[in-house]
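A.B. asks: Sharing model.cif below, mmCIF, C-alpha atoms:
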```
data_input
#
loop_
_atom_site.label_atom_id
_atom_site.label_comp_id
_atom_site.auth_asym_id
_atom_site.auth_seq_id
_atom_site.Cartn_x
_atom_site.Cartn_y
_atom_site.Cartn_z
CA MET W 26 158.71 70.73 8.11
CA LYS W 27 157.16 73.92 6.79
CA ARG W 28 158.64 76.93 8.48
CA LEU W 29 156.83 79.09 11.00
CA VAL W 30 156.09 82.42 9.32
CA VAL W 31 156.48 85.51 11.46
CA LEU W 32 156.52 89.05 10.08
CA PHE W 33 159.03 91.68 11.16
CA SER W 34 159.00 95.36 10.35
CA LEU W 35 161.26 96.46 7.52
CA PHE W 36 163.19 98.54 10.03
CA SER W 37 163.99 95.59 12.30
CA ILE W 38 165.17 93.50 9.35
CA ALA W 39 167.25 96.27 7.86
CA SER W 40 168.95 96.98 11.17
CA PHE W 41 170.73 93.62 10.92
CA ALA W 42 171.43 93.76 7.19
CA GLN W 43 174.87 92.58 6.13
CA SER W 44 176.16 91.14 2.89
CA PRO W 45 174.33 88.24 1.19
CA TRP W 46 175.34 84.70 2.19
CA PRO W 47 176.79 82.63 0.66
CA SER W 48 178.85 84.36 -2.02
CA GLU W 49 176.47 83.76 -4.94
CA ASN W 50 172.77 83.46 -5.70
CA TRP W 51 170.84 80.20 -5.46
CA SER W 52 170.33 80.20 -9.24
CA THR W 53 174.05 80.43 -10.00
CA ALA W 54 175.20 77.86 -7.43
CA ALA W 55 175.73 74.26 -8.60
CA PRO W 56 172.61 72.07 -8.32
CA LEU W 57 173.19 68.74 -6.55
CA THR W 58 169.69 67.24 -6.51
CA SER W 59 170.32 65.26 -9.71
CA VAL W 60 173.27 63.52 -8.01
CA MET W 61 170.83 61.81 -5.67
CA ASN W 62 168.56 59.02 -6.85
CA SER W 63 164.98 59.93 -7.67
CA SER W 64 163.42 58.20 -4.67
CA GLY W 65 161.98 60.66 -2.19
CA LEU W 66 163.61 64.00 -2.99
CA LEU W 67 161.38 65.68 -0.42
CA GLU W 68 161.70 67.39 2.97
CA LEU W 69 165.45 67.97 2.94
CA SER W 70 166.01 69.28 6.45
CA GLY W 71 169.63 69.12 7.60
CA LEU W 72 173.17 68.99 6.23
CA HIS W 73 176.59 68.17 7.70
CA TRP W 74 180.03 68.34 6.08
CA ASN W 75 182.78 65.90 7.09
CA PRO W 76 186.16 67.52 6.27
CA VAL W 77 188.12 64.29 6.81
CA THR W 78 186.20 62.06 4.38
CA ASN W 79 184.94 64.94 2.15
CA ARG W 80 181.36 63.75 2.50
CA LEU W 81 178.10 65.66 2.72
CA TYR W 82 175.47 64.10 5.00
CA VAL W 83 171.85 64.90 4.09
CA VAL W 84 168.76 64.07 6.17
CA HIS W 85 165.11 64.21 5.15
CA GLY W 86 162.36 64.99 7.64
CA ASP W 87 160.35 62.07 6.27
CA GLY W 88 163.01 59.59 7.38
CA ARG W 89 166.03 59.18 5.11
CA LEU W 90 169.80 59.67 5.22
CA ARG W 91 171.87 60.32 2.12
CA VAL W 92 175.64 60.65 1.85
CA LEU W 93 177.32 62.41 -1.07
CA GLN W 94 181.04 61.87 -1.75
CA LEU W 95 183.22 64.63 -3.23
CA ASN W 96 185.80 63.49 -5.79
CA THR W 97 188.53 66.09 -5.34
CA ALA W 98 190.19 65.15 -8.63
CA THR W 99 187.10 65.89 -10.73
CA ASN W 100 185.38 68.27 -8.28
CA THR W 101 182.14 66.32 -8.58
CA PHE W 102 179.79 64.55 -6.17
CA THR W 103 178.32 61.05 -6.26
CA GLN W 104 175.80 59.48 -3.91
CA ILE W 105 177.37 56.65 -1.90
CA GLY W 106 174.60 56.09 0.64
CA SER W 107 170.82 56.26 0.80
CA ARG W 108 169.12 54.62 3.78
CA ILE W 109 165.73 54.90 5.43
CA ILE W 110 166.08 55.78 9.12
CA SER W 111 163.43 56.00 11.80
CA GLY W 112 161.40 59.02 12.85
CA GLY W 113 161.72 62.53 11.48
CA PRO W 114 165.42 63.49 11.33
CA GLU W 115 165.78 67.25 10.90
CA GLY W 116 169.49 67.69 11.71
CA VAL W 117 172.66 65.61 11.48
CA THR W 118 176.18 65.84 12.93
CA GLN W 119 179.24 63.82 13.96
CA THR W 120 181.54 63.87 16.96
CA ASP W 121 184.46 61.94 15.43
CA TYR W 122 184.97 62.66 11.74
CA SER W 123 186.87 59.38 11.29
CA ALA W 124 184.22 57.15 12.86
CA ASP W 125 181.42 55.28 11.10
CA GLN W 126 178.87 56.97 13.32
CA PHE W 127 176.55 59.97 13.21
CA TYR W 128 173.85 61.67 15.28
CA THR W 129 170.47 63.05 14.26
CA MET W 130 167.93 65.38 15.86
CA ASP W 131 164.48 63.84 15.50
CA GLU W 132 161.79 66.51 15.69
CA ASN W 133 158.86 64.09 15.75
CA THR W 134 159.97 62.31 18.92
CA TYR W 135 162.30 64.94 20.47
CA LEU W 136 165.09 62.36 20.43
CA ILE W 137 168.78 62.77 19.74
CA LYS W 138 169.69 59.52 18.00
CA GLN W 139 173.06 57.86 17.52
CA TYR W 140 173.60 55.62 14.50
CA SER W 141 176.48 53.39 13.42
CA ASN W 142 177.00 52.49 9.78
CA LEU W 143 179.07 50.16 7.65
CA PRO W 144 181.77 52.01 5.68
CA ASN W 145 179.77 51.74 2.44
CA PHE W 146 176.48 52.68 4.17
CA SER W 147 174.89 49.40 3.16
CA SER W 148 173.65 49.16 6.73
CA VAL W 149 172.73 51.85 9.28
CA THR W 150 171.87 50.83 12.86
CA LEU W 151 170.30 52.85 15.68
CA THR W 152 172.63 52.37 18.67
CA ALA W 153 171.45 54.88 21.33
CA SER W 154 169.01 57.75 21.91
CA TRP W 155 168.32 60.55 24.39
CA ASN W 156 164.83 61.89 25.08
CA LEU W 157 164.87 65.69 25.43
CA LEU W 158 161.38 65.67 26.96
CA SER W 159 162.59 63.68 29.96
CA ALA W 160 164.48 64.81 33.07
CA PRO W 161 166.85 66.51 33.53
CA SER W 162 165.84 68.39 30.35
CA PRO W 163 163.19 71.12 30.89
CA MET W 164 162.29 71.17 27.18
CA GLU W 165 158.54 71.12 26.53
CA ASP W 166 156.63 69.50 23.69
CA THR W 167 155.73 72.27 21.22
CA GLY W 168 154.55 69.85 18.56
CA ASN W 169 155.63 70.62 15.02
CA THR W 170 157.72 73.62 16.05
CA GLY W 171 160.29 71.65 18.01
CA PRO W 172 164.04 71.00 17.87
CA GLU W 173 165.57 70.74 14.40
CA GLY W 174 169.31 71.36 14.09
CA ILE W 175 172.20 69.67 15.86
CA THR W 176 175.96 70.18 15.97
CA PHE W 177 178.83 69.10 18.22
CA VAL W 178 181.34 71.45 19.87
CA PRO W 179 184.52 69.83 21.27
CA ASP W 180 185.68 70.65 24.79
CA GLY W 181 188.80 72.48 23.63
CA HIS W 182 186.70 75.07 21.83
CA LEU W 183 184.33 75.41 24.78
CA ALA W 184 187.27 76.11 27.08
CA ASN W 185 188.86 78.58 24.67
CA ALA W 186 185.58 80.48 24.37
CA GLY W 187 185.01 80.49 28.12
CA PHE W 188 181.64 78.81 27.48
CA VAL W 189 179.34 79.15 30.50
CA SER W 190 176.43 76.94 31.56
CA SER W 191 173.23 78.97 31.88
CA VAL W 192 172.19 76.59 34.67
CA THR W 193 175.19 77.13 36.95
CA GLY W 194 176.67 80.36 35.58
CA GLN W 195 180.07 78.63 35.57
CA PRO W 196 182.40 77.51 32.75
CA TYR W 197 181.40 74.08 31.48
CA THR W 198 183.03 71.29 29.47
CA SER W 199 181.72 67.75 29.08
CA THR W 200 181.65 65.27 31.95
CA LYS W 201 179.75 62.39 30.32
CA GLY W 202 182.46 61.11 27.99
CA ALA W 203 181.61 62.55 24.56
CA GLY W 204 184.51 65.02 24.64
CA GLY W 205 182.22 67.96 23.93
CA LEU W 206 178.63 69.18 24.01
CA PHE W 207 175.65 68.87 21.66
CA PHE W 208 174.02 72.12 20.57
CA ILE W 209 170.37 71.91 19.46
CA SER W 210 168.51 74.63 17.52
CA HIS W 211 164.82 75.04 18.34
CA GLN W 212 162.04 76.60 16.31
CA ASP W 213 160.10 77.77 19.35
CA GLY W 214 161.73 81.06 20.35
CA GLY W 215 164.90 80.43 18.35
CA TYR W 216 166.80 79.17 21.39
CA ILE W 217 169.92 77.01 21.34
CA TRP W 218 169.72 74.18 23.87
CA VAL W 219 172.92 72.48 25.03
CA PHE W 220 173.30 68.94 26.38
CA ASP W 221 176.13 66.75 27.68
CA LEU W 222 175.51 63.16 26.49
CA ASN W 223 176.96 59.85 27.61
CA PRO W 224 177.63 58.35 24.15
CA ASN W 225 177.48 54.80 25.51
CA VAL W 226 174.22 54.90 27.49
CA SER W 227 170.79 55.91 26.22
CA ASN W 228 169.04 58.70 28.16
CA ASP W 229 172.12 59.39 30.29
CA PHE W 230 172.72 63.11 29.83
CA ALA W 231 173.08 66.44 31.60
CA TYR W 232 171.21 69.63 30.75
CA VAL W 233 173.78 72.42 30.30
CA GLY W 234 171.70 75.40 29.28
CA LYS W 235 169.38 77.36 27.03
CA TYR W 236 170.60 80.39 25.09
CA LYS W 237 168.75 83.11 23.26
CA THR W 238 169.76 84.00 19.69
CA SER W 239 169.11 87.06 17.56
CA ARG W 240 165.83 85.72 16.11
CA ASN W 241 162.71 83.83 17.18
CA GLU W 242 163.26 80.64 15.17
CA SER W 243 166.34 78.50 14.54
CA CYS W 244 166.45 75.45 12.27
CA ASP W 245 170.03 74.29 11.65
CA LEU W 246 173.55 74.64 13.05
CA ALA W 247 177.16 74.20 11.98
CA PHE W 248 180.34 74.60 14.01
CA ASP W 249 183.65 75.42 12.32
CA ARG W 250 186.29 73.67 14.42
CA SER W 251 189.07 75.56 12.62
CA THR W 252 187.88 78.99 13.80
CA GLY W 253 185.67 78.28 16.84
CA LEU W 254 182.61 79.97 15.33
CA LEU W 255 179.04 78.65 15.56
CA TYR W 256 176.69 79.32 12.61
CA ILE W 257 172.92 79.39 13.20
CA LEU W 258 170.35 79.28 10.38
CA HIS W 259 167.14 81.21 11.02
CA ASN W 260 164.29 80.14 8.75
CA ILE W 261 161.65 82.75 9.49
CA GLY W 262 160.42 85.52 7.21
CA ALA W 263 163.67 86.22 5.35
CA ASN W 264 166.25 83.45 5.74
CA TYR W 265 169.45 84.55 7.39
CA LEU W 266 172.54 83.24 9.14
CA GLU W 267 173.88 84.28 12.54
CA VAL W 268 177.54 83.84 13.53
CA THR W 269 178.52 83.66 17.21
CA ASP W 270 181.76 83.04 19.09
CA LEU W 271 179.91 81.26 21.96
CA THR W 272 180.46 84.13 24.38
CA LEU W 273 177.50 85.77 26.10
CA ALA W 274 176.29 89.27 25.32
CA THR W 275 174.19 89.62 28.47
CA ALA W 276 174.99 90.65 32.00
CA PRO W 277 174.74 88.14 34.87
CA GLY W 278 171.15 87.68 36.01
CA SER W 279 169.56 88.36 32.61
CA GLU W 280 168.51 85.80 30.00
CA PRO W 281 171.68 84.22 28.55
CA THR W 282 172.11 85.42 24.96
CA PHE W 283 174.85 84.50 22.53
CA HIS W 284 177.03 87.34 21.29
CA THR W 285 176.37 87.83 17.57
CA VAL W 286 179.51 88.76 15.68
CA LYS W 287 177.91 88.86 12.23
CA GLU W 288 174.62 88.28 10.39
CA TYR W 289 173.91 87.50 6.75
CA PHE W 290 170.80 87.36 4.60
CA LEU W 291 170.57 84.29 2.38
CA SER W 292 170.21 84.62 -1.36
CA ASN W 293 166.85 82.87 -1.67
CA PRO W 294 165.45 80.88 -4.61
CA THR W 295 163.08 82.92 -6.79
CA ASP W 296 160.68 80.13 -7.81
CA GLY W 297 158.32 80.48 -4.84
CA ASN W 298 159.85 78.03 -2.34
CA THR W 299 162.22 79.86 0.02
CA ASN W 300 161.88 77.29 2.82
CA ILE W 301 165.62 76.78 3.38
CA GLU W 302 165.98 74.46 6.37
CA GLY W 303 169.52 73.08 6.19
CA PHE W 304 173.06 74.20 5.50
CA ALA W 305 176.65 73.05 5.85
CA ILE W 306 180.02 74.76 5.52
CA MET W 307 183.51 73.54 4.84
CA PRO W 308 186.02 74.67 7.50
CA LYS W 309 187.93 77.84 6.80
CA CYS W 310 191.29 76.18 7.48
CA ASP W 311 193.00 72.99 8.73
CA SER W 312 191.45 70.97 5.91
CA ALA W 313 192.60 69.69 2.50
CA VAL W 314 189.38 70.98 0.93
CA THR W 315 187.91 74.37 1.84
CA GLY W 316 185.84 77.11 0.27
CA SER W 317 182.32 75.70 -0.13
CA ALA W 318 178.91 76.01 1.49
CA PHE W 319 175.69 74.05 0.92
CA LEU W 320 172.00 74.93 1.29
CA CYS W 321 168.94 72.68 1.10
CA ARG W 322 165.22 73.43 1.18
CA ASP W 323 162.13 71.57 2.31
CA VAL W 324 160.15 70.55 -0.78
CA GLU W 325 156.62 69.19 -0.33
CA SER W 326 154.98 66.44 -2.38
CA ASP W 327 152.45 68.83 -3.95
CA GLU W 328 155.08 71.18 -5.40
CA SER W 329 156.16 71.27 -9.04
CA ALA W 330 158.57 68.78 -10.56
CA ALA W 331 161.04 71.60 -11.22
CA ILE W 332 161.15 72.52 -7.53
CA LYS W 333 161.44 68.86 -6.50
CA MET W 334 164.53 68.55 -8.68
CA ASP W 335 166.13 71.66 -7.18
CA ALA W 336 166.31 70.91 -3.47
CA ILE W 337 170.04 71.36 -2.74
CA ARG W 338 172.72 73.72 -4.07
CA TRP W 339 176.52 73.84 -3.80
CA PHE W 340 178.00 77.31 -3.32
CA ASN W 341 181.63 77.44 -4.44
CA PRO W 342 183.70 79.48 -3.85
CA TYR W 343 182.70 80.59 -0.37
CA GLU W 344 184.97 81.98 2.33
CA ALA W 345 184.06 81.30 5.95
CA ASP W 346 184.47 83.87 8.70
CA GLY W 347 187.11 83.80 11.41
CA VAL W 348 190.88 83.55 11.61
CA CYS W 349 193.11 80.54 11.11
CA GLU W 350 195.94 81.32 13.51
CA PRO W 351 196.65 78.67 16.15
CA LEU W 352 195.61 79.16 19.75
CA LYS W 353 199.27 79.60 20.68
CA THR W 354 202.42 79.36 18.52
CA GLN W 355 205.69 78.04 19.87
CA ASP W 356 208.20 80.77 18.88
CA PHE W 357 208.20 81.92 22.50
CA ASP W 358 208.36 79.58 25.47
CA ALA W 359 204.78 78.33 25.60
CA ASN W 360 205.10 77.65 29.32
CA GLN W 361 206.17 81.21 30.11
CA LEU W 362 204.34 83.59 27.78
CA SER W 363 200.80 84.41 28.88
CA VAL W 364 198.11 87.10 28.87
CA TYR W 365 196.16 87.64 32.07
CA PRO W 366 193.55 87.89 33.37
CA ASN W 367 191.93 85.69 30.75
CA PRO W 368 188.99 86.34 30.57
CA GLY W 369 189.60 89.97 31.42
CA SER W 370 188.03 93.39 31.13
CA ASP W 371 189.77 96.76 30.80
CA GLN W 372 193.43 96.04 31.53
CA ILE W 373 195.61 93.05 30.62
CA GLN W 374 199.15 92.07 31.55
CA PHE W 375 201.80 90.13 29.64
CA SER W 376 204.20 87.74 31.33
CA GLY W 377 207.12 85.79 29.94
CA ILE W 378 208.36 88.64 27.73
CA SER W 379 210.56 91.67 28.38
CA GLY W 380 211.67 94.79 26.53
CA ASP W 381 209.72 96.39 23.72
CA PHE W 382 207.30 94.19 21.78
CA ASP W 383 204.55 94.62 19.19
CA VAL W 384 200.93 93.70 19.90
CA LYS W 385 198.17 93.23 17.34
CA ILE W 386 194.65 92.29 18.43
CA THR W 387 192.12 90.94 15.92
CA ASP W 388 188.47 90.01 16.43
CA VAL W 389 186.88 86.69 15.47
CA LEU W 390 186.28 87.91 11.92
CA GLY W 391 189.95 88.73 11.41
CA LYS W 392 189.62 92.52 11.66
CA THR W 393 192.49 94.31 13.43
CA VAL W 394 191.01 96.30 16.31
CA LEU W 395 194.19 97.38 18.10
CA ARG W 396 197.84 97.60 17.13
CA THR W 397 200.61 99.08 19.27
CA THR W 398 204.21 98.77 20.48
CA LEU W 399 204.48 98.25 24.23
CA HIS W 400 207.32 99.47 26.39
CA SER W 401 205.82 97.87 29.50
CA ASN W 402 203.83 94.71 30.21
CA SER W 403 200.44 96.38 30.63
CA LEU W 404 197.85 97.25 27.97
CA ASP W 405 194.59 99.21 28.19
CA VAL W 406 191.84 97.33 26.31
CA SER W 407 188.87 99.26 27.68
CA GLY W 408 187.93 100.35 24.16
CA LEU W 409 187.23 96.79 23.00
CA VAL W 410 183.72 95.34 23.03
CA LYS W 411 182.97 92.06 24.79
CA GLY W 412 183.93 88.94 22.88
CA MET W 413 186.75 86.66 21.75
CA TYR W 414 190.03 88.05 20.35
CA LEU W 415 193.36 86.80 19.04
CA ILE W 416 196.37 88.62 20.49
CA ASN W 417 199.50 88.43 18.33
CA ILE W 418 202.77 89.23 20.14
CA ALA W 419 206.02 89.80 18.22
CA SER W 420 209.55 90.65 19.34
CA GLU W 421 213.01 90.15 17.83
CA GLY W 422 211.78 87.87 15.06
CA LYS W 423 209.68 85.68 17.35
CA SER W 424 205.89 85.68 17.54
CA SER W 425 202.99 84.06 19.34
CA ALA W 426 199.19 84.13 19.06
CA ILE W 427 197.01 83.69 22.14
CA LYS W 428 193.22 83.65 22.31
CA TRP W 429 191.80 86.06 24.87
CA MET W 430 188.23 86.86 25.89
CA LYS W 431 186.91 90.20 27.11
CA ARG W 432 183.96 90.11 29.49
#
```
What would you get if you wrote out this structure as structure tokens?

C.D. replies:
Amino acid sequence: MKRLVVLFSLFSIASFAQSPWPSENWSTAAPLTSVMNSSGLLELSGLHWNPVTNRLYVVHGDGRLRVLQLNTATNTFTQIGSRIISGGPEGVTQTDYSADQFYTMDENTYLIKQYSNLPNFSSVTLTASWNLLSAPSPMEDTGNTGPEGITFVPDGHLANAGFVSSVTGQPYTSTKGAGGLFFISHQDGGYIWVFDLNPNVSNDFAYVGKYKTSRNESCDLAFDRSTGLLYILHNIGANYLEVTDLTLATAPGSEPTFHTVKEYFLSNPTDGNTNIEGFAIMPKCDSAVTGSAFLCRDVESDESAAIKMDAIRWFNPYEADGVCEPLKTQDFDANQLSVYPNPGSDQIQFSGISGDFDVKITDVLGKTVLRTTLHSNSLDVSGLVKGMYLINIASEGKSSAIKWMKR
């Protein structure tokens, strides 16, 4: 859909200014629109990258799914699927990258929909749906400024981030059987809504929470499972991207707000249509193919032929944020070495190690924020801001990396 236009002062925009995202301008990125067939190249709304199959999923708000296959030998894409699907899909994601199944966020009906497909996409079948306007969801119908983006965050990442339900104020991982939670971006207020779905039963779900972001409109999401970072596309005024580690930046009792670790301004097209509604990123690590991002824009039927044939671009190379170290290496005894309390605040303790050892702490963007040699098992971390960190411990040729969160 057409974005909601809201004006901000130049000061408020500049206060968040970072480097452009992705790494090159729209005009210099590789155009992919010509890869798709000519039928209905309108209303591109959501993208999703599958790092196992090397496929880019594309949904149109007027009711179509496309799938583009990357040939890693030639570094080119071909379209392997183009199917009409019901409603107004604005976002697309998967839970299992190896399964012939995907989920969409339908803005017209406020439904999360689950589809199964044949391996060649010759058939796509609606298999379940969940109505976000029905109990226990408190979401209200805001018409054409409703939910748009969708992504899936596995339980392991939720636990590592210390993710907290805004409903209960307690740590939360899935209980309904999906193995993770569905994050939904909403245009009205820019909130991220989170739901726990039973993947086998329509309308069986739990409402987990509602979280404020840095802006008043959000249109698409992507979660990098190799770094634990959530990316949020804001399509309002100037397009920009917010990166969060899923921790909260607010004190108990106030409106839950995600901690923003970085923000980028997008390099917009210069032909008059800057309505970028969808994006996807390849994972930073743990994948055979990395280093690309994708952007798509909503093109209307009354726009020029040139704009209609320039709806999606491939940005390569692109380097994602975050660090690639494992949650915990096995050089030390994994059952003995620990950092506590975790989450903690101003002082942490190390167990399972003795003598002198080196400690390096990096933030979620890979920046070293503390480096020291300890002669005891206690470390003052009062100078660190709230958020997620990776603590690297090294002694006598052995090393370990443990994720730790400061509250």

A.B. asks: Grab the CA of Ser107 (chain W) to CA of Arg91 (chain W) distance for me, in Å with one decimal place.

C.D. replies: 4.4 Å

A.B. asks: Taking the file as shown, find all residues satisfying the PyMOL selection byres ((chain W and resi 370-379) around 12) and write them as an MDAnalysis selection string.

C.D. replies: chainID W and resid 356:369 380:384 399:413 416:421 423:425 427 429:432

A.B. asks: Could you give me, as CSV, every region 138-182 of chain W residue with an atom at most 8 Å from region 208-229 of chain W, plus its closest atom pair and distance in Å to one decimal, counting all atoms listed in the file, rows ordered by chain then number?

C.D. replies:
```
residue,atom,partner,partner_atom,distance
W:Ala153,CA,W:Ser227,CA,5.0
W:Ser154,CA,W:Ser227,CA,5.0
W:Trp155,CA,W:Asn228,CA,4.3
W:Asn156,CA,W:Asn228,CA,6.1
W:Thr167,CA,W:Asp213,CA,7.3
W:Thr170,CA,W:Gln212,CA,5.3
W:Gly171,CA,W:Gln212,CA,5.5
W:Pro172,CA,W:His211,CA,4.1
W:Glu173,CA,W:Ser210,CA,5.8
W:Gly174,CA,W:Ser210,CA,4.8
W:Ile175,CA,W:Ile209,CA,4.6
W:Thr176,CA,W:Phe208,CA,5.4
W:Phe177,CA,W:Phe208,CA,6.1
W:Val178,CA,W:Phe208,CA,7.4
```

A.B. asks: Choose the residue, out of W:Thr252, W:Asn96, W:Ser52, W:Thr101, that has the smallest atom-to-atom separation from Gly391 (chain W); count all atoms listed in the file.

C.D. replies: W:Thr252

A.B. asks: The PyMOL selection byres ((chain W and resi 160) around 10) on the file shown: which residues, as JSON, numbers by chain?

C.D. replies: {"W": [156, 157, 158, 159, 161, 162, 163, 164, 228, 229, 230, 231, 232]}

A.B. asks: May I have the residues from that selection written out with C-alpha atoms, as a compact mmCIF listing (two decimals), in the frame of the given file?

C.D. replies:
```txt
# COMPACT_ATOMS: atom_id res chain seq x y z
CA ASN W 156 164.83 61.89 25.08
CA LEU W 157 164.87 65.69 25.43
CA LEU W 158 161.38 65.67 26.96
CA SER W 159 162.59 63.68 29.96
CA PRO W 161 166.85 66.51 33.53
CA SER W 162 165.84 68.39 30.35
CA PRO W 163 163.19 71.12 30.89
CA MET W 164 162.29 71.17 27.18
CA ASN W 228 169.04 58.70 28.16
CA ASP W 229 172.12 59.39 30.29
CA PHE W 230 172.72 63.11 29.83
CA ALA W 231 173.08 66.44 31.60
CA TYR W 232 171.21 69.63 30.75
```

A.B. asks: To one decimal in Å, tell me the separation between CA of Tyr128 (chain W) and CA of Val149 (chain W).

C.D. replies: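 Answer for the CA of Tyr128 (chain W) to CA of Val149 (chain W) separation: 11.6 Å.
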
A.B. asks: Restricting the calculation to all atoms listed in the file, which member of W:Arg338, W:Lys392, W:Lys428, W:Arg240 is positioned closest to Ala54 (chain W)?

C.D. replies: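 Of the candidates, the smallest distance to Ala54 (chain W) is held by W:Arg338.
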
A.B. asks: How many Å lie between CA of Asn293 (chain W) and CA of Ala274 (chain W), rounded to one decimal?

C.D. replies: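 Atom-to-atom, CA of Asn293 (chain W) to CA of Ala274 (chain W), that is 29.3 Å.
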
A.B. asks: Have a look at W:Pro308, W:Gly112, W:Pro144, W:Pro342 and name the one nearest to His73 (chain W); count all atoms listed in the file.

C.D. replies: W:Pro308

A.B. asks: Expand the PyMOL selection byres ((chain W and resi 50) around 9) into the individual residues it matches in the shown file, reporting them as a ChimeraX atom specification.

C.D. replies: /W:45-49,51-54,291-294,340

A.B. asks: Do you have, as a tab-separated table, the list of residues of region 172-255 of chain W lying at most 12 Å from region 312-335 of chain W, each with its nearest atom pair and that distance in Å to one decimal, counting all atoms listed in the file and ordered by chain then number?

C.D. replies:
```
residue	atom	partner	partner_atom	distance
W:Cys244	CA	W:Arg322	CA	11.3
W:Asp245	CA	W:Leu320	CA	10.6
W:Leu246	CA	W:Leu320	CA	11.9
W:Ala247	CA	W:Ala318	CA	10.8
W:Asp249	CA	W:Ser312	CA	11.0
W:Arg250	CA	W:Ser312	CA	10.3
W:Ser251	CA	W:Ser312	CA	8.5
W:Thr252	CA	W:Ser312	CA	11.8
```

A.B. asks: Fewer than 5 positions away in the same chain doesn't count, so skip those; otherwise give me all residues within 6 Å of Ser70 (chain W), counting all atoms listed in the file, as a PyMOL selection string.

C.D. replies: chain W and resi 84-86+115+302-303

A.B. asks: Go ahead and dump the residues you just picked, C-alpha atoms, as a short mmCIF file (atom, residue, chain, number, x, y, z; two decimals), keeping the file's coordinate frame.

C.D. replies:
```cif
data_model
loop_
_atom_site.label_atom_id
_atom_site.label_comp_id
_atom_site.auth_asym_id
_atom_site.auth_seq_id
_atom_site.Cartn_x
_atom_site.Cartn_y
_atom_site.Cartn_z
CA VAL W 84 168.76 64.07 6.17
CA HIS W 85 165.11 64.21 5.15
CA GLY W 86 162.36 64.99 7.64
CA GLU W 115 165.78 67.25 10.90
CA GLU W 302 165.98 74.46 6.37
CA GLY W 303 169.52 73.08 6.19
#
```

A.B. asks: Taking only C-alpha atoms into account, name the residue in W:Arg89, W:Ala336, W:Asn75, W:Gly297 that is nearest to Val60 (chain W).

C.D. replies: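 That would be W:Ala336, the residue with the smallest distance to Val60 (chain W).
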
A.B. asks: For the point (179.3, 54.4, -3.0) in file coordinates, what residues are within 10 Å, counting all atoms listed in the file? Give the answer as a count of residues only?

C.D. replies: 12

A.B. asks: Check which residues of region 287-306 of chain W sit at most 12 Å from region 343-349 of chain W using all atoms listed in the file, and return one row each with the closest pair of atoms and their distance in Å to one decimal, ordered by chain and rising number, as JSON lines.

C.D. replies:
```
{"residue": "W:Lys287", "atom": "CA", "partner": "W:Asp346", "partner_atom": "CA", "distance": 9.0}
{"residue": "W:Glu288", "atom": "CA", "partner": "W:Asp346", "partner_atom": "CA", "distance": 10.9}
{"residue": "W:Tyr289", "atom": "CA", "partner": "W:Asp346", "partner_atom": "CA", "distance": 11.3}
{"residue": "W:Ala305", "atom": "CA", "partner": "W:Ala345", "partner_atom": "CA", "distance": 11.1}
{"residue": "W:Ile306", "atom": "CA", "partner": "W:Ala345", "partner_atom": "CA", "distance": 7.7}
```

A.B. asks: Can you work out which one of W:Thr238, W:Gln195, W:Asn185, W:Thr99 has the shortest atom-to-atom distance to Gly253 (chain W), counting all atoms listed in the file?

C.D. replies: W:Asn185

A.B. asks: Which is closer to Thr150 (chain W) than all the others in W:Ile110, W:Leu415, W:Val233, W:Leu69, using only C-alpha atoms?

C.D. replies: W:Ile110

A.B. asks: Regenerate region 133-141 of chain W at the level of N, CA and C atoms and dump it as a CSV table (one decimal), in the coordinates of the input.

C.D. replies:
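Heads up, here's the output in out.csv:
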```
chain,number,residue,atom,x,y,z
W,133,ASN,N,160.1,64.7,15.4
W,133,ASN,CA,158.9,64.1,15.8
W,133,ASN,C,158.8,63.5,17.2
W,134,THR,N,159.9,63.0,17.6
W,134,THR,CA,160.0,62.3,18.9
W,134,THR,C,160.8,63.0,20.0
W,135,TYR,N,161.4,64.2,19.6
W,135,TYR,CA,162.3,64.9,20.5
W,135,TYR,C,163.5,64.1,21.0
W,136,LEU,N,164.0,63.2,20.1
W,136,LEU,CA,165.1,62.4,20.4
W,136,LEU,C,166.4,62.8,19.7
W,137,ILE,N,167.5,62.8,20.4
W,137,ILE,CA,168.8,62.8,19.7
W,137,ILE,C,169.1,61.3,19.5
W,138,LYS,N,169.4,60.9,18.3
W,138,LYS,CA,169.7,59.5,18.0
W,138,LYS,C,171.1,59.3,17.5
W,139,GLN,N,171.7,58.2,17.9
W,139,GLN,CA,173.1,57.9,17.5
W,139,GLN,C,173.0,56.6,16.6
W,140,TYR,N,173.6,56.7,15.5
W,140,TYR,CA,173.6,55.6,14.5
W,140,TYR,C,175.0,55.2,14.2
W,141,SER,N,175.2,53.9,14.0
W,141,SER,CA,176.5,53.4,13.4
W,141,SER,C,176.2,52.9,12.0
```
